[in-house]
file start-v6.pdb (PDB, C-alpha atoms, pLDDT in the B column)
MODEL        1
ATOM      1  CA  MET D  31      58.717 135.173  -0.131  1.00 75.00           C
ATOM      2  CA  GLY D  32      56.893 131.918  -0.842  1.00 95.00           C
ATOM      3  CA  LEU D  33      53.380 131.339  -2.167  1.00 98.00           C
ATOM      4  CA  SER D  34      50.211 133.147  -1.108  1.00 98.00           C
ATOM      5  CA  THR D  35      46.665 133.723  -2.347  1.00 98.00           C
ATOM      6  CA  HIS D  36      43.854 136.225  -1.843  1.00 97.00           C
ATOM      7  CA  VAL D  37      40.242 136.112  -3.042  1.00 98.00           C
ATOM      8  CA  LEU D  38      37.966 139.101  -3.555  1.00 98.00           C
ATOM      9  CA  ASP D  39      34.211 138.719  -3.999  1.00 98.00           C
ATOM     10  CA  THR D  40      33.457 141.179  -6.803  1.00 98.00           C
ATOM     11  CA  MET D  41      29.697 140.705  -6.454  1.00 97.00           C
ATOM     12  CA  HIS D  42      29.699 142.151  -2.940  1.00 97.00           C
ATOM     13  CA  GLY D  43      32.920 144.182  -3.102  1.00 98.00           C
ATOM     14  CA  CYS D  44      34.607 142.425  -0.191  1.00 98.00           C
ATOM     15  CA  PRO D  45      37.097 139.679   0.690  1.00 98.00           C
ATOM     16  CA  ALA D  46      35.744 136.141   0.196  1.00 98.00           C
ATOM     17  CA  ALA D  47      35.885 135.254   3.897  1.00 98.00           C
ATOM     18  CA  GLY D  48      35.000 131.615   4.584  1.00 98.00           C
ATOM     19  CA  MET D  49      35.663 130.319   1.055  1.00 98.00           C
ATOM     20  CA  SER D  50      37.142 126.807   1.030  1.00 98.00           C
ATOM     21  CA  ALA D  51      40.191 126.164  -1.126  1.00 98.00           C
ATOM     22  CA  ALA D  52      42.829 123.526  -1.778  1.00 98.00           C
ATOM     23  CA  LEU D  53      46.392 123.529  -3.037  1.00 98.00           C
ATOM     24  CA  TYR D  54      47.812 120.720  -5.181  1.00 98.00           C
ATOM     25  CA  THR D  55      51.126 119.956  -6.807  1.00 98.00           C
ATOM     26  CA  THR D  56      50.677 118.742 -10.377  1.00 97.00           C
ATOM     27  CA  ASP D  57      52.569 116.468 -12.728  1.00 95.00           C
ATOM     28  CA  GLY D  58      50.822 116.324 -16.092  1.00 90.00           C
ATOM     29  CA  GLU D  59      47.245 115.296 -15.355  1.00 89.00           C
ATOM     30  CA  ALA D  60      48.077 113.939 -11.888  1.00 96.00           C
ATOM     31  CA  ALA D  61      47.456 116.187  -8.883  1.00 97.00           C
ATOM     32  CA  THR D  62      48.556 115.598  -5.296  1.00 98.00           C
ATOM     33  CA  LEU D  63      46.766 117.404  -2.479  1.00 98.00           C
ATOM     34  CA  VAL D  64      49.105 119.552  -0.384  1.00 98.00           C
ATOM     35  CA  ARG D  65      46.520 121.146   1.911  1.00 97.00           C
ATOM     36  CA  ARG D  66      42.954 122.327   2.274  1.00 98.00           C
ATOM     37  CA  PHE D  67      42.224 125.670   3.912  1.00 98.00           C
ATOM     38  CA  VAL D  68      39.492 128.241   4.522  1.00 98.00           C
ATOM     39  CA  LEU D  69      40.037 131.906   3.750  1.00 98.00           C
ATOM     40  CA  ASN D  70      40.071 134.264   6.728  1.00 98.00           C
ATOM     41  CA  ALA D  71      38.189 137.570   7.150  1.00 98.00           C
ATOM     42  CA  ASP D  72      40.657 139.256   4.775  1.00 98.00           C
ATOM     43  CA  GLY D  73      40.073 136.608   2.068  1.00 98.00           C
ATOM     44  CA  ARG D  74      43.531 135.086   2.629  1.00 97.00           C
ATOM     45  CA  ALA D  75      44.972 131.877   4.010  1.00 96.00           C
ATOM     46  CA  ASP D  76      46.121 132.374   7.612  1.00 95.00           C
ATOM     47  CA  ALA D  77      49.702 131.497   6.661  1.00 94.00           C
ATOM     48  CA  PRO D  78      51.694 131.284   3.425  1.00 95.00           C
ATOM     49  CA  LEU D  79      50.756 128.243   1.366  1.00 97.00           C
ATOM     50  CA  TYR D  80      54.493 127.622   1.088  1.00 96.00           C
ATOM     51  CA  ASP D  81      57.142 129.608   2.926  1.00 95.00           C
ATOM     52  CA  ALA D  82      60.327 130.681   1.148  1.00 92.00           C
ATOM     53  CA  ASP D  83      62.256 127.608   2.354  1.00 94.00           C
ATOM     54  CA  SER D  84      59.604 125.105   1.196  1.00 95.00           C
ATOM     55  CA  LEU D  85      58.598 126.516  -2.205  1.00 96.00           C
ATOM     56  CA  ARG D  86      60.000 124.568  -5.169  1.00 96.00           C
ATOM     57  CA  THR D  87      59.956 125.085  -8.918  1.00 97.00           C
ATOM     58  CA  GLY D  88      57.184 123.117 -10.576  1.00 97.00           C
ATOM     59  CA  THR D  89      53.507 123.212 -11.370  1.00 98.00           C
ATOM     60  CA  TYR D  90      50.653 123.762  -8.959  1.00 98.00           C
ATOM     61  CA  ARG D  91      46.864 124.040  -8.840  1.00 98.00           C
ATOM     62  CA  LEU D  92      44.690 126.133  -6.551  1.00 98.00           C
ATOM     63  CA  VAL D  93      41.013 125.122  -6.427  1.00 98.00           C
ATOM     64  CA  PHE D  94      38.430 127.488  -4.940  1.00 98.00           C
ATOM     65  CA  ASP D  95      34.878 126.432  -3.968  1.00 98.00           C
ATOM     66  CA  VAL D  96      33.027 129.341  -5.576  1.00 98.00           C
ATOM     67  CA  GLU D  97      29.617 127.635  -5.560  1.00 98.00           C
ATOM     68  CA  GLY D  98      29.823 126.758  -1.871  1.00 98.00           C
ATOM     69  CA  TYR D  99      30.904 130.267  -0.944  1.00 98.00           C
ATOM     70  CA  PHE D 100      28.082 132.068  -2.785  1.00 98.00           C
ATOM     71  CA  ALA D 101      25.476 129.522  -1.659  1.00 98.00           C
ATOM     72  CA  ALA D 102      26.558 130.100   1.962  1.00 98.00           C
ATOM     73  CA  ARG D 103      26.057 133.844   1.384  1.00 97.00           C
ATOM     74  CA  GLY D 104      22.435 133.135   0.401  1.00 97.00           C
ATOM     75  CA  ILE D 105      22.812 133.834  -3.311  1.00 97.00           C
ATOM     76  CA  ALA D 106      20.184 132.019  -5.390  1.00 95.00           C
ATOM     77  CA  LEU D 107      22.270 130.059  -7.886  1.00 96.00           C
ATOM     78  CA  PRO D 108      20.922 128.217 -10.929  1.00 96.00           C
ATOM     79  CA  GLN D 109      21.462 124.466 -11.059  1.00 96.00           C
ATOM     80  CA  PRO D 110      23.826 123.557 -12.401  1.00 97.00           C
ATOM     81  CA  THR D 111      25.803 126.625 -11.378  1.00 97.00           C
ATOM     82  CA  PHE D 112      27.834 128.496 -13.954  1.00 97.00           C
ATOM     83  CA  LEU D 113      30.940 128.315 -11.747  1.00 97.00           C
ATOM     84  CA  GLY D 114      31.265 125.472  -9.268  1.00 98.00           C
ATOM     85  CA  ARG D 115      34.942 125.292  -8.486  1.00 98.00           C
ATOM     86  CA  VAL D 116      37.575 127.519 -10.037  1.00 98.00           C
ATOM     87  CA  ALA D 117      40.911 125.803 -10.645  1.00 98.00           C
ATOM     88  CA  ILE D 118      43.996 127.856 -11.407  1.00 98.00           C
ATOM     89  CA  ASP D 119      46.965 125.945 -12.796  1.00 97.00           C
ATOM     90  CA  PHE D 120      50.234 127.851 -12.567  1.00 97.00           C
ATOM     91  CA  GLY D 121      53.966 127.326 -12.585  1.00 97.00           C
ATOM     92  CA  ILE D 122      56.760 128.392 -10.278  1.00 97.00           C
ATOM     93  CA  ALA D 123      59.846 129.092 -12.382  1.00 96.00           C
ATOM     94  CA  ASP D 124      61.987 130.765  -9.708  1.00 96.00           C
ATOM     95  CA  ALA D 125      61.364 129.556  -6.149  1.00 95.00           C
ATOM     96  CA  THR D 126      63.453 132.417  -4.733  1.00 95.00           C
ATOM     97  CA  GLN D 127      60.730 134.894  -5.769  1.00 95.00           C
ATOM     98  CA  HIS D 128      57.384 135.505  -4.076  1.00 96.00           C
ATOM     99  CA  TYR D 129      54.372 134.185  -6.003  1.00 97.00           C
ATOM    100  CA  HIS D 130      50.953 135.602  -5.129  1.00 97.00           C
ATOM    101  CA  VAL D 131      47.878 134.161  -6.876  1.00 98.00           C
ATOM    102  CA  PRO D 132      44.848 136.435  -6.429  1.00 98.00           C
ATOM    103  CA  LEU D 133      41.343 135.525  -7.563  1.00 98.00           C
ATOM    104  CA  LEU D 134      38.591 138.043  -8.319  1.00 98.00           C
ATOM    105  CA  VAL D 135      35.291 136.185  -8.484  1.00 98.00           C
ATOM    106  CA  SER D 136      31.515 136.437  -8.792  1.00 98.00           C
ATOM    107  CA  PRO D 137      29.001 133.656  -9.536  1.00 98.00           C
ATOM    108  CA  TRP D 138      29.399 134.528 -13.248  1.00 97.00           C
ATOM    109  CA  SER D 139      33.053 135.377 -13.822  1.00 98.00           C
ATOM    110  CA  TYR D 140      36.580 135.284 -12.483  1.00 98.00           C
ATOM    111  CA  SER D 141      40.030 136.618 -13.229  1.00 98.00           C
ATOM    112  CA  THR D 142      43.494 136.054 -11.873  1.00 98.00           C
ATOM    113  CA  TYR D 143      47.012 137.315 -12.369  1.00 97.00           C
ATOM    114  CA  ARG D 144      50.444 136.960 -10.832  1.00 96.00           C
ATOM    115  CA  GLY D 145      50.448 139.388  -7.959  1.00 92.00           C
ATOM    116  CA  SER D 146      53.322 140.606  -5.855  1.00 84.00           C
TER     117      SER D 146
ENDMDL
END

call {"tool": "encode", "arguments": {"input": "start-v6.pdb", "output": "structure tokens"}}
result
Amino acid sequence: MGLSTHVLDTMHGCPAAGMSAALYTTDGEAATLVRRFVLNADGRADAPLYDADSLRTGTYRLVFDVEGYFAARGIALPQPTFLGRVAIDFGIADATQHYHVPLLVSPWSYSTYRGS
């Protein structure tokens, strides 16, 4: 249970190892940084972003440094880039359930969904 994330690089067909990300709690337009982290070789945070005991109902934001990741992989990106950072705002309605927030991303597109 808790909150987790996973990022897949759809351009290369692999996990987005080394991508920087940050988790925030949100209240309207205000956002408070909870933690910054770097995705491991499997494209995941090394530990749950929140464990089952710490997760609370409310609104959150995950921000992924897409531009930095693809630039580090040597991809020639136009300036300004089409995608710099991808922010996903989401809500936790039932903190007793597991929430997984995957991101599928390329320099030109992204998608997300509530995973399991």

call {"tool": "residues_around", "arguments": {"input": "start-v6.pdb", "residues": "region 98-100 of chain D", "least_positions_apart": "6", "cutoff": "12 Å", "atoms": "only C-alpha atoms", "output": "list in words"}}
result
Val37, Leu38, Asp39, Thr40, Met41, His42, Pro45, Ala46, Ala47, Gly48, Met49, Ser50, Ala51, Val68, Leu69, Gly73, Ala106, Leu107, Pro108, Thr111, Phe112, Leu113, Gly114, Arg115, Val116, Val135, Ser136, Pro137 and Trp138 of chain D

call {"tool": "atom_distance", "arguments": {"input": "start-v6.pdb", "atom1": "CA of Gly121 (chain D)", "atom2": "CA of Cys44 (chain D)"}}
result
27.5 Å

call {"tool": "atom_distance", "arguments": {"input": "start-v6.pdb", "atom1": "CA of Phe94 (chain D)", "atom2": "CA of Leu133 (chain D)"}}
result
8.9 Å

call {"tool": "closest_residue", "arguments": {"input": "start-v6.pdb", "among": "D:Gln109, D:Asp57, D:His36, D:Leu134", "to": "Asn70 (chain D)", "atoms": "only C-alpha atoms"}}
result
D:His36

call {"tool": "resolve_selection", "arguments": {"input": "start-v6.pdb", "expression": "the PyMOL selection byres ((chain D and resi 53) around 10)", "output": "ChimeraX atom specification"}}
result
/D:51-52,54-56,61-67,79-80,90-94,117-118

call {"tool": "atom_distance", "arguments": {"input": "start-v6.pdb", "atom1": "CA of Thr87 (chain D)", "atom2": "CA of Ser141 (chain D)"}}
result
23.4 Å

call {"tool": "residues_around", "arguments": {"input": "start-v6.pdb", "residues": "Asp81 (chain D)", "least_positions_apart": "5", "cutoff": "9 Å", "atoms": "all atoms listed in the file", "output": "ChimeraX atom specification"}}
result
/D:31-34

call {"tool": "resolve_selection", "arguments": {"input": "start-v6.pdb", "expression": "the PyMOL selection byres ((chain D and resi 123) around 10)", "output": "PyMOL selection string"}}
result
chain D and resi 86-89+120-122+124-127+129
